[in-house]
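Student: Sharing a structure below in structure tokens format, with a few things to ask.
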Amino acid sequence: MKTNIKNYNKEISLLIIFNMSIYCIFSNNYEIIVLLLNTITLTAPSLLIIDLISQKYKEKMLIQRRYGEIVFEDLTKNKNEEINLNLIKKEYGKLPSSYKEQNNLWYNIYRKNESNSRILHTHRQYLLARDLNCTILIIIIFTIIFIIYKLLLQEALLNLYLKLIFVEITELIIILLTARNLQKKFVLSVLIEETYQLNLKYHHQDVSYA
């Protein structure tokens, strides 16, 4: 039975609730009810929209190349003591150099090890951070649209909403950096597990680390 690692609606909902709480904290007493209703309008759609965005575009929102596309190139330059490239070359042949081929090789290795508990854990961490990054981006977009709408009606509490945008952008930066780091951790965890398995397979042979 395949494990569902995308069971993190609770965490995404907590991010939304956190932003709703920030809205209320920044508000004056007479604004709380209005702001709470506004916040639900701004954040609730993100729960619906998040599932409509493809994995490809969620990863593009991290504003970097997928680490699986450069992992072997990076490990050749920056040695990782837990990953034996010589064993991987012995098993799979010459390491690829193009982005697509590197990602294909890494993905094939991932499929062999995807049920490993450590890989499942790091994969879930990465997917959660990636989707949180997407969620906060949606919240920021809705907030900006809402502020423009209120400005046109001359109803915007500009100082308040500038504070909210600042908080949301700070959240975005933190989550973005976390997601990038977790993507790398996930990709490497696959190769660490593969190294362990290949060590068992070739334990009687002397294969040095690259």
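Chain labels A, B, ... are given in the sequence in which chains occur in the structure tokens; within each chain residues are numbered consecutively from 1, and ligands are likewise numbered from 1 in the order shown.
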Quick one: everything within 9 Å of stretch 155-169 of chain A, counting only C-alpha atoms, minus sequence neighbours fewer than 3 positions away in the same chain. Send it as a PDB file with N, CA, C and O atoms, in the first residue's frame.
Tutor:
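Writing the result to out_25.pdb gives the following:
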```
ATOM      1  N   ASN A  19      -1.565  33.767   9.587  1.00  0.00           N
ATOM      2  CA  ASN A  19      -1.711  35.060   8.908  1.00  0.00           C
ATOM      3  C   ASN A  19      -2.987  35.771   9.328  1.00  0.00           C
ATOM      4  O   ASN A  19      -3.012  36.997   9.454  1.00  0.00           O
ATOM      5  N   ILE A  22      -2.162  37.391  12.639  1.00  0.00           N
ATOM      6  CA  ILE A  22      -1.341  38.588  12.456  1.00  0.00           C
ATOM      7  C   ILE A  22      -2.207  39.773  12.069  1.00  0.00           C
ATOM      8  O   ILE A  22      -2.028  40.894  12.551  1.00  0.00           O
ATOM      9  N   TYR A  23      -3.172  39.528  11.176  1.00  0.00           N
ATOM     10  CA  TYR A  23      -4.084  40.599  10.763  1.00  0.00           C
ATOM     11  C   TYR A  23      -4.789  41.194  11.979  1.00  0.00           C
ATOM     12  O   TYR A  23      -4.910  42.408  12.115  1.00  0.00           O
ATOM     13  N   PHE A  26      -2.439  43.263  14.358  1.00  0.00           N
ATOM     14  CA  PHE A  26      -2.098  44.580  13.843  1.00  0.00           C
ATOM     15  C   PHE A  26      -3.283  45.550  13.850  1.00  0.00           C
ATOM     16  O   PHE A  26      -3.112  46.744  13.658  1.00  0.00           O
ATOM     17  N   SER A  27      -4.471  45.036  14.031  1.00  0.00           N
ATOM     18  CA  SER A  27      -5.643  45.890  13.913  1.00  0.00           C
ATOM     19  C   SER A  27      -5.997  46.560  15.230  1.00  0.00           C
ATOM     20  O   SER A  27      -5.591  46.131  16.304  1.00  0.00           O
ATOM     21  N   ILE A 136       1.880  30.867   0.546  1.00  0.00           N
ATOM     22  CA  ILE A 136       2.139  32.242   0.981  1.00  0.00           C
ATOM     23  C   ILE A 136       2.232  33.172  -0.221  1.00  0.00           C
ATOM     24  O   ILE A 136       1.837  34.348  -0.149  1.00  0.00           O
ATOM     25  N   LEU A 137       2.697  32.672  -1.362  1.00  0.00           N
ATOM     26  CA  LEU A 137       2.695  33.484  -2.588  1.00  0.00           C
ATOM     27  C   LEU A 137       1.271  33.838  -2.997  1.00  0.00           C
ATOM     28  O   LEU A 137       0.991  34.982  -3.377  1.00  0.00           O
ATOM     29  N   ILE A 139      -1.315  33.985  -1.005  1.00  0.00           N
ATOM     30  CA  ILE A 139      -1.824  34.931  -0.005  1.00  0.00           C
ATOM     31  C   ILE A 139      -1.334  36.346  -0.306  1.00  0.00           C
ATOM     32  O   ILE A 139      -2.095  37.318  -0.220  1.00  0.00           O
ATOM     33  N   ILE A 140      -0.059  36.479  -0.663  1.00  0.00           N
ATOM     34  CA  ILE A 140       0.499  37.801  -0.980  1.00  0.00           C
ATOM     35  C   ILE A 140      -0.213  38.398  -2.192  1.00  0.00           C
ATOM     36  O   ILE A 140      -0.557  39.591  -2.200  1.00  0.00           O
ATOM     37  N   THR A 143      -3.589  39.524  -1.171  1.00  0.00           N
ATOM     38  CA  THR A 143      -3.484  40.709  -0.316  1.00  0.00           C
ATOM     39  C   THR A 143      -3.258  41.964  -1.149  1.00  0.00           C
ATOM     40  O   THR A 143      -3.883  43.004  -0.915  1.00  0.00           O
ATOM     41  N   ILE A 144      -2.355  41.882  -2.125  1.00  0.00           N
ATOM     42  CA  ILE A 144      -2.054  43.039  -2.976  1.00  0.00           C
ATOM     43  C   ILE A 144      -3.297  43.449  -3.776  1.00  0.00           C
ATOM     44  O   ILE A 144      -3.629  44.639  -3.860  1.00  0.00           O
ATOM     45  N   PHE A 146      -6.365  42.879  -2.995  1.00  0.00           N
ATOM     46  CA  PHE A 146      -7.332  43.406  -2.035  1.00  0.00           C
ATOM     47  C   PHE A 146      -6.994  44.849  -1.653  1.00  0.00           C
ATOM     48  O   PHE A 146      -7.875  45.718  -1.573  1.00  0.00           O
ATOM     49  N   ILE A 147      -5.707  45.130  -1.421  1.00  0.00           N
ATOM     50  CA  ILE A 147      -5.282  46.489  -1.054  1.00  0.00           C
ATOM     51  C   ILE A 147      -5.590  47.462  -2.192  1.00  0.00           C
ATOM     52  O   ILE A 147      -6.094  48.571  -1.960  1.00  0.00           O
ATOM     53  N   ILE A 148      -5.287  47.055  -3.426  1.00  0.00           N
ATOM     54  CA  ILE A 148      -5.569  47.924  -4.578  1.00  0.00           C
ATOM     55  C   ILE A 148      -7.061  48.211  -4.671  1.00  0.00           C
ATOM     56  O   ILE A 148      -7.482  49.350  -4.900  1.00  0.00           O
ATOM     57  N   TYR A 149      -7.853  47.161  -4.466  1.00  0.00           N
ATOM     58  CA  TYR A 149      -9.308  47.316  -4.496  1.00  0.00           C
ATOM     59  C   TYR A 149      -9.775  48.297  -3.426  1.00  0.00           C
ATOM     60  O   TYR A 149     -10.584  49.211  -3.688  1.00  0.00           O
ATOM     61  N   LYS A 150      -9.246  48.161  -2.210  1.00  0.00           N
ATOM     62  CA  LYS A 150      -9.630  49.045  -1.117  1.00  0.00           C
ATOM     63  C   LYS A 150      -9.150  50.476  -1.359  1.00  0.00           C
ATOM     64  O   LYS A 150      -9.821  51.452  -0.994  1.00  0.00           O
ATOM     65  N   LEU A 151      -7.982  50.618  -1.960  1.00  0.00           N
ATOM     66  CA  LEU A 151      -7.471  51.960  -2.273  1.00  0.00           C
ATOM     67  C   LEU A 151      -8.379  52.656  -3.279  1.00  0.00           C
ATOM     68  O   LEU A 151      -8.633  53.861  -3.178  1.00  0.00           O
ATOM     69  N   LEU A 152      -8.837  51.891  -4.257  1.00  0.00           N
ATOM     70  CA  LEU A 152      -9.741  52.468  -5.246  1.00  0.00           C
ATOM     71  C   LEU A 152     -11.045  52.933  -4.606  1.00  0.00           C
ATOM     72  O   LEU A 152     -11.655  53.914  -5.044  1.00  0.00           O
ATOM     73  N   LEU A 172       7.600  34.512   3.345  1.00  0.00           N
ATOM     74  CA  LEU A 172       7.952  33.955   2.044  1.00  0.00           C
ATOM     75  C   LEU A 172       9.445  33.662   1.954  1.00  0.00           C
ATOM     76  O   LEU A 172       9.852  32.586   1.505  1.00  0.00           O
ATOM     77  N   ILE A 173      10.258  34.605   2.381  1.00  0.00           N
ATOM     78  CA  ILE A 173      11.715  34.432   2.309  1.00  0.00           C
ATOM     79  C   ILE A 173      12.155  33.239   3.159  1.00  0.00           C
ATOM     80  O   ILE A 173      12.951  32.396   2.720  1.00  0.00           O
ATOM     81  N   ILE A 174      11.616  33.146   4.380  1.00  0.00           N
ATOM     82  CA  ILE A 174      11.988  32.048   5.278  1.00  0.00           C
ATOM     83  C   ILE A 174      11.566  30.702   4.694  1.00  0.00           C
ATOM     84  O   ILE A 174      12.352  29.739   4.653  1.00  0.00           O
TER      85      ILE A 174
END
```
Student: Enumerate as a VMD selection string all residues of stretch 15-208 of chain A assigned to helix (DSSP H, G or I) by DSSP on the backbone, naming them with the chain letters and numbers the document uses.
Tutor: chain A and resid 15 to 26 29 to 52 55 to 60 67 to 69 71 to 77 85 to 92 99 to 113 117 to 152 158 to 201
Student: So, with only C-alpha atoms as the atoms that count, which of A:Arg180, A:Lys60, A:Arg65, A:Lys112 lies closest to A:Gln197?
Tutor: A:Lys112
Student: May I ask which of the residues A:Lys184, A:His203, A:Lys90, A:Arg118 is the closest one to A:Glu69, counting only C-alpha atoms?
Tutor: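 Of A:Lys184, A:His203, A:Lys90, A:Arg118, the one nearest A:Glu69, counting only C-alpha atoms, is A:Lys184.
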Student: Would you list the contacts of stretch 103-106 of chain A as a VMD selection string, taking every protein, DNA or RNA residue within 9 Å and counting only C-alpha atoms, but skipping same-chain residues closer than 6 positions in sequence?
Tutor: chain A and resid 66 to 72 92 95 to 96 187 190 to 191
Student: Could those selected residues go to a file with N, CA and C atoms, as a tab-separated table (two decimals), in the first residue's frame?
Tutor:
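What landed in selection.tsv:
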```
chain	number	residue	atom	x	y	z
A	66	ARG	N	16.05	22.63	-10.24
A	66	ARG	CA	15.86	21.46	-9.37
A	66	ARG	C	17.20	20.81	-9.07
A	67	TYR	N	17.43	20.51	-7.79
A	67	TYR	CA	18.74	20.00	-7.41
A	67	TYR	C	19.05	18.65	-8.06
A	68	GLY	N	18.00	17.86	-8.34
A	68	GLY	CA	18.22	16.59	-9.00
A	68	GLY	C	18.84	16.74	-10.38
A	69	GLU	N	18.70	17.92	-10.99
A	69	GLU	CA	19.24	18.16	-12.33
A	69	GLU	C	20.73	18.50	-12.30
A	70	ILE	N	21.26	18.81	-11.13
A	70	ILE	CA	22.68	19.18	-11.03
A	70	ILE	C	23.41	18.39	-9.95
A	71	VAL	N	22.73	17.39	-9.37
A	71	VAL	CA	23.27	16.73	-8.19
A	71	VAL	C	24.60	16.04	-8.44
A	72	PHE	N	24.76	15.33	-9.56
A	72	PHE	CA	26.00	14.61	-9.82
A	72	PHE	C	27.13	15.58	-10.16
A	92	TYR	N	25.73	2.05	-12.42
A	92	TYR	CA	24.93	2.68	-13.48
A	92	TYR	C	25.76	3.17	-14.67
A	95	LEU	N	28.62	8.80	-15.10
A	95	LEU	CA	27.64	9.75	-14.60
A	95	LEU	C	27.29	10.77	-15.69
A	96	PRO	N	26.01	11.09	-15.85
A	96	PRO	CA	25.58	12.03	-16.91
A	96	PRO	C	26.01	13.45	-16.58
A	187	VAL	N	17.00	15.13	-2.16
A	187	VAL	CA	17.74	14.55	-3.28
A	187	VAL	C	18.95	13.77	-2.78
A	190	VAL	N	18.33	10.28	-1.08
A	190	VAL	CA	18.15	9.16	-2.00
A	190	VAL	C	19.49	8.54	-2.35
A	191	LEU	N	20.49	9.37	-2.61
A	191	LEU	CA	21.82	8.86	-2.99
A	191	LEU	C	22.56	8.28	-1.79
```
Student: Which residues, written as a PyMOL selection string, have at least one atom at most 10 Å from A:Ile119, with only C-alpha atoms counted and residues fewer than 5 positions away on the same chain left out?
Tutor: chain A and resi 110+113-114+124-125+185-193
Student: Could you please determine the separation between atom CA of A:Asn199 and atom CA of A:Lys79 in Å, to one decimal place?
Tutor: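 For atom CA of A:Asn199 relative to atom CA of A:Lys79, the distance reads 17.4 Å.
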Student: Which residue out of A:Ile88, A:Ile175, A:Cys134, A:Ile16 has the minimum interatomic distance to A:Tyr57 when only C-alpha atoms are used?
Tutor: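 Among the listed residues, the smallest separation from A:Tyr57 belongs to A:Cys134.
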Student: Can you pull out every residue within 12 Å of A:Glu59, counting only C-alpha atoms, but drop anything in the same chain fewer than 4 positions away, and send it as a list in words?
Tutor: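 The contact residues come out as Ile53, Ser54, Gln55, Ile63, Gln64, Arg65, Arg66, Tyr67, Gly68, Tyr126, Leu127, Leu128, Ala129, Arg130, Asp131, Leu132, Asn133, Cys134, Leu176, Ala179, Arg180 and Gln183 of chain A.
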Student: Smallest atom-to-atom distance to A:Leu62: which of A:Leu182, A:Glu194, A:Lys201, A:Glu81, using only C-alpha atoms?
Tutor: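 The closest residue to A:Leu62 is A:Leu182.
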Student: Between atom CA of A:Ile83 and atom CA of A:Ser97, what is the distance in Å, rounded to a tenth?
Tutor: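 Separation between atom CA of A:Ile83 and atom CA of A:Ser97: 17.7 Å.
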Student: Pick out the residues sitting within 9 Å of A:Glu91, and hand them over as a ChimeraX atom specification; count only C-alpha atoms, and ignore anything fewer than 4 positions along from it in its own chain.
Tutor: /A:86-87,198
